[in-house]
Amino acid sequence: MRRLLLASGLLCAPLLGLTAPVAADQSGIVVTDAWSRAAVVGRTGIVYLTVTDTGVPDRLTGASSPVAAKVTLHETIDDHGVMKMRSVAALPVQPGAPLKLAPNGYHIMLEGLKQSLQPGQTFPVTLTFAHAGAVTATATVQKAGGGTAMDQGPMGGKDMQGGSQHATGMSGMNMGGAAQH
Ligand SMILES: [Cu+2]
C-alpha cells in the first residue's frame, strides 16, 4: 500500500511540480503514530493512532488486520469510576480536527490474535472510511508498560510472561517447548 502511494506520488510530482506528503492518500486521509502493545497469540491486542483529514469530512467505519481474527473500533469509558469498553460503529474525522485514538479513549481492538505481538515488531492495520475507502497504516509494538495502568486493566495487559528466560529447576515438568538457553 505504502509502496503504491509512493509510486503514485512519484508519478504525480513531476506533473504538479510539488512534492506530496509521503503518507498522504489521495483522499486526504493521513494515518500517523500507529502503535500497539505487546500481546500473546490468542488474546486481545490494541492499536492507537492518529487520523488527520486534509480533504472532506469523513467517517472511520471499521478496521482490519491480518494479525487478528476480528478487529473493532472501541471506546473506553469511565462508568462511575469503573473503566469499561464498548464498541463504536463509526468515528467522524474532520479537516482541522485530528482524530486521536489514545489510551483511555478510542482504540482499535484486535480480537483473537493470530500471532504474538512483540516489542519492536510492526504489522499492518487497514482502516475503512466512508468516503476515502481503505487506508493502511503500519503499527509498531511498543515496549510493555508504555501506557497507563488504568488503560491496561480491561485489556488484560498482563500477558507479558510468554518467554521463559528463567530456566528454573522445574525438572520433570513438560513445559512444552520452553527454551533452555
Ligand atoms: Cu477495547
# chains A, B, ... in the order shown; residues from 1 in each chain; ligands from 1

$ residues_near_ligand --ligand "ligand 1" --cutoff "6 Å" --atoms "only C-alpha atoms and all ligand atoms" --output "ChimeraX atom specification"
/A:74,85,109

$ select_by_dssp --residues "range 99-140 of chain A" --states "strand (DSSP E)" --output "PyMOL selection string"
chain A and resi 99-101+106-113+122-129+133-140

$ write_last_selection --atoms "N, CA, C and O atoms" --output "CSV table (one decimal), in the first residue's frame"
chain,number,residue,atom,x,y,z
A,99,LEU,N,-8.4,13.1,14.6
A,99,LEU,CA,-9.0,12.1,15.4
A,99,LEU,C,-7.9,11.3,16.1
A,99,LEU,O,-7.1,10.6,15.4
A,100,LYS,N,-7.8,11.3,17.4
A,100,LYS,CA,-6.8,10.6,18.1
A,100,LYS,C,-7.3,9.4,18.8
A,100,LYS,O,-8.2,9.6,19.7
A,101,LEU,N,-6.8,8.3,18.5
A,101,LEU,CA,-7.1,7.1,19.2
A,101,LEU,C,-6.0,6.9,20.2
A,101,LEU,O,-4.8,6.7,19.8
A,106,TYR,N,-10.7,6.3,22.5
A,106,TYR,CA,-10.9,5.4,21.4
A,106,TYR,C,-9.7,4.6,21.1
A,106,TYR,O,-8.6,5.0,21.3
A,107,HIS,N,-10.0,3.4,20.7
A,107,HIS,CA,-8.9,2.5,20.3
A,107,HIS,C,-9.4,1.4,19.3
A,107,HIS,O,-10.6,1.3,19.1
A,108,ILE,N,-8.5,0.8,18.7
A,108,ILE,CA,-8.8,-0.4,17.8
A,108,ILE,C,-8.5,-1.6,18.5
A,108,ILE,O,-7.4,-1.8,19.0
A,109,MET,N,-9.5,-2.5,18.6
A,109,MET,CA,-9.4,-3.7,19.4
A,109,MET,C,-9.1,-4.9,18.4
A,109,MET,O,-9.8,-5.1,17.5
A,110,LEU,N,-8.0,-5.6,18.8
A,110,LEU,CA,-7.6,-6.8,18.0
A,110,LEU,C,-8.1,-8.0,18.8
A,110,LEU,O,-7.5,-8.3,19.8
A,111,GLU,N,-9.1,-8.7,18.3
A,111,GLU,CA,-9.6,-9.8,19.0
A,111,GLU,C,-9.2,-11.1,18.3
A,111,GLU,O,-9.2,-11.3,17.1
A,112,GLY,N,-8.7,-12.0,19.2
A,112,GLY,CA,-8.2,-13.3,18.7
A,112,GLY,C,-7.0,-13.2,17.9
A,112,GLY,O,-6.9,-13.4,16.7
A,113,LEU,N,-5.9,-12.7,18.6
A,113,LEU,CA,-4.6,-12.6,17.9
A,113,LEU,C,-4.2,-13.9,17.2
A,113,LEU,O,-4.1,-14.9,17.9
A,122,THR,N,6.4,-4.8,13.7
A,122,THR,CA,5.3,-3.9,13.1
A,122,THR,C,4.4,-4.8,12.3
A,122,THR,O,4.7,-6.0,12.0
A,123,PHE,N,3.1,-4.3,12.2
A,123,PHE,CA,2.1,-5.0,11.4
A,123,PHE,C,1.1,-4.0,10.8
A,123,PHE,O,1.0,-2.9,11.3
A,124,PRO,N,0.5,-4.4,9.7
A,124,PRO,CA,-0.4,-3.5,9.1
A,124,PRO,C,-1.8,-3.5,9.7
A,124,PRO,O,-2.3,-4.5,10.2
A,125,VAL,N,-2.4,-2.3,9.7
A,125,VAL,CA,-3.8,-2.2,10.1
A,125,VAL,C,-4.5,-1.3,9.0
A,125,VAL,O,-4.0,-0.3,8.7
A,126,THR,N,-5.5,-1.9,8.5
A,126,THR,CA,-6.2,-1.2,7.4
A,126,THR,C,-7.5,-0.5,8.0
A,126,THR,O,-8.4,-1.2,8.6
A,127,LEU,N,-7.6,0.7,7.8
A,127,LEU,CA,-8.8,1.5,8.3
A,127,LEU,C,-9.7,1.7,7.1
A,127,LEU,O,-9.3,1.9,6.0
A,128,THR,N,-11.0,1.6,7.4
A,128,THR,CA,-12.0,1.8,6.3
A,128,THR,C,-12.8,3.1,6.6
A,128,THR,O,-13.3,3.3,7.7
A,129,PHE,N,-12.8,3.9,5.6
A,129,PHE,CA,-13.5,5.2,5.7
A,129,PHE,C,-14.7,5.3,4.8
A,129,PHE,O,-14.6,4.7,3.7
A,133,GLY,N,-12.4,5.2,1.7
A,133,GLY,CA,-12.1,3.8,1.5
A,133,GLY,C,-11.1,3.3,2.4
A,133,GLY,O,-11.0,3.7,3.6
A,134,ALA,N,-10.3,2.3,1.9
A,134,ALA,CA,-9.3,1.7,2.8
A,134,ALA,C,-8.0,2.5,2.8
A,134,ALA,O,-7.5,2.9,1.8
A,135,VAL,N,-7.5,2.7,4.0
A,135,VAL,CA,-6.2,3.3,4.2
A,135,VAL,C,-5.4,2.4,5.2
A,135,VAL,O,-5.8,2.1,6.3
A,136,THR,N,-4.2,2.0,4.7
A,136,THR,CA,-3.5,1.0,5.6
A,136,THR,C,-2.3,1.8,6.3
A,136,THR,O,-1.6,2.6,5.6
A,137,ALA,N,-2.2,1.5,7.6
A,137,ALA,CA,-1.1,2.1,8.3
A,137,ALA,C,-0.3,1.0,8.9
A,137,ALA,O,-0.7,-0.2,8.9
A,138,THR,N,0.9,1.3,9.3
A,138,THR,CA,1.8,0.3,10.0
A,138,THR,C,1.9,0.6,11.5
A,138,THR,O,2.4,1.7,11.8
A,139,ALA,N,1.5,-0.3,12.3
A,139,ALA,CA,1.6,-0.2,13.7
A,139,ALA,C,2.8,-0.8,14.3
A,139,ALA,O,3.3,-1.8,13.8
A,140,THR,N,3.5,-0.1,15.2
A,140,THR,CA,4.7,-0.6,15.8
A,140,THR,C,4.4,-1.0,17.3
A,140,THR,O,3.7,-0.2,18.0

$ residues_around --residues "range 91-96 of chain A" --least-positions-apart "6" --cutoff "10 Å" --atoms "only C-alpha atoms" --output "mmCIF file with N, CA and C atoms, in the first residue's frame"
data_model
loop_
_atom_site.group_PDB
_atom_site.id
_atom_site.type_symbol
_atom_site.label_atom_id
_atom_site.label_comp_id
_atom_site.auth_asym_id
_atom_site.auth_seq_id
_atom_site.Cartn_x
_atom_site.Cartn_y
_atom_site.Cartn_z
ATOM 1 N N GLY A 28 -6.946 12.417 1.145
ATOM 2 C CA GLY A 28 -6.667 13.422 2.155
ATOM 3 C C GLY A 28 -6.614 12.856 3.551
ATOM 4 N N ILE A 29 -6.800 11.550 3.667
ATOM 5 C CA ILE A 29 -6.685 10.898 4.978
ATOM 6 C C ILE A 29 -5.242 10.473 5.215
ATOM 7 N N VAL A 51 -5.615 10.040 13.097
ATOM 8 C CA VAL A 51 -6.107 10.227 11.740
ATOM 9 C C VAL A 51 -6.247 11.725 11.472
ATOM 10 N N THR A 52 -5.550 12.172 10.439
ATOM 11 C CA THR A 52 -5.652 13.577 10.040
ATOM 12 C C THR A 52 -6.348 13.638 8.689
ATOM 13 N N ASP A 53 -7.280 14.534 8.585
ATOM 14 C CA ASP A 53 -8.086 14.662 7.378
ATOM 15 C C ASP A 53 -7.794 16.005 6.718
ATOM 16 N N THR A 54 -7.207 15.948 5.537
ATOM 17 C CA THR A 54 -6.921 17.199 4.827
ATOM 18 C C THR A 54 -7.874 17.388 3.650
ATOM 19 N N GLY A 55 -8.873 16.520 3.580
ATOM 20 C CA GLY A 55 -9.822 16.610 2.480
ATOM 21 C C GLY A 55 -11.201 17.020 2.964
ATOM 22 N N VAL A 56 -12.147 16.162 2.705
ATOM 23 C CA VAL A 56 -13.527 16.445 3.091
ATOM 24 C C VAL A 56 -13.866 15.685 4.375
ATOM 25 N N PRO A 57 -14.902 16.105 5.098
ATOM 26 C CA PRO A 57 -15.323 15.360 6.294
ATOM 27 C C PRO A 57 -15.586 13.898 5.958
ATOM 28 N N ASP A 58 -15.179 13.031 6.846
ATOM 29 C CA ASP A 58 -15.261 11.607 6.559
ATOM 30 C C ASP A 58 -15.622 10.875 7.848
ATOM 31 N N ARG A 59 -15.769 9.566 7.738
ATOM 32 C CA ARG A 59 -16.058 8.761 8.922
ATOM 33 C C ARG A 59 -15.235 7.488 8.881
ATOM 34 N N LEU A 60 -14.606 7.191 10.014
ATOM 35 C CA LEU A 60 -13.923 5.909 10.173
ATOM 36 C C LEU A 60 -14.981 4.884 10.568
ATOM 37 N N THR A 61 -15.155 3.882 9.716
ATOM 38 C CA THR A 61 -16.260 2.945 9.936
ATOM 39 C C THR A 61 -15.813 1.539 10.312
ATOM 40 N N GLY A 62 -14.522 1.273 10.233
ATOM 41 C CA GLY A 62 -14.080 -0.064 10.596
ATOM 42 C C GLY A 62 -12.588 -0.235 10.382
ATOM 43 N N LEU A 73 -13.730 -1.165 16.393
ATOM 44 C CA LEU A 73 -13.494 0.150 16.987
ATOM 45 C C LEU A 73 -14.083 0.142 18.381
ATOM 46 N N HIS A 74 -13.296 0.590 19.331
ATOM 47 C CA HIS A 74 -13.714 0.565 20.727
ATOM 48 C C HIS A 74 -13.541 1.921 21.370
ATOM 49 N N TYR A 106 -10.697 6.318 22.535
ATOM 50 C CA TYR A 106 -10.943 5.429 21.409
ATOM 51 C C TYR A 106 -9.720 4.570 21.124
ATOM 52 N N PHE A 129 -12.803 3.944 5.626
ATOM 53 C CA PHE A 129 -13.502 5.220 5.745
ATOM 54 C C PHE A 129 -14.686 5.260 4.785
ATOM 55 N N ALA A 130 -15.739 5.937 5.212
ATOM 56 C CA ALA A 130 -16.942 6.015 4.394
ATOM 57 C C ALA A 130 -16.652 6.648 3.044
#

$ atom_distance --atom1 "CA of Ala39 in chain A" --atom2 "CA of Ala102 in chain A"
17.3 Å

$ closest_residue --among "A:Ala132, A:Leu117, A:Ala89, A:Met83" --to "Trp35 in chain A" --atoms "only C-alpha atoms"
A:Leu117

$ residues_around --residues "Ala69 in chain A" --least-positions-apart "2" --cutoff "12 Å" --atoms "only C-alpha atoms" --output "PyMOL selection string"
chain A and resi 41-45+63-67+71-72+109-115

$ closest_residue --among "A:Ala38, A:Val82, A:Val30, A:Ala90" --to "Gly120 in chain A" --atoms "only C-alpha atoms"
A:Ala38

$ atom_distance --atom1 "CA of Ser116 in chain A" --atom2 "CA of Ile46 in chain A"
12.1 Å
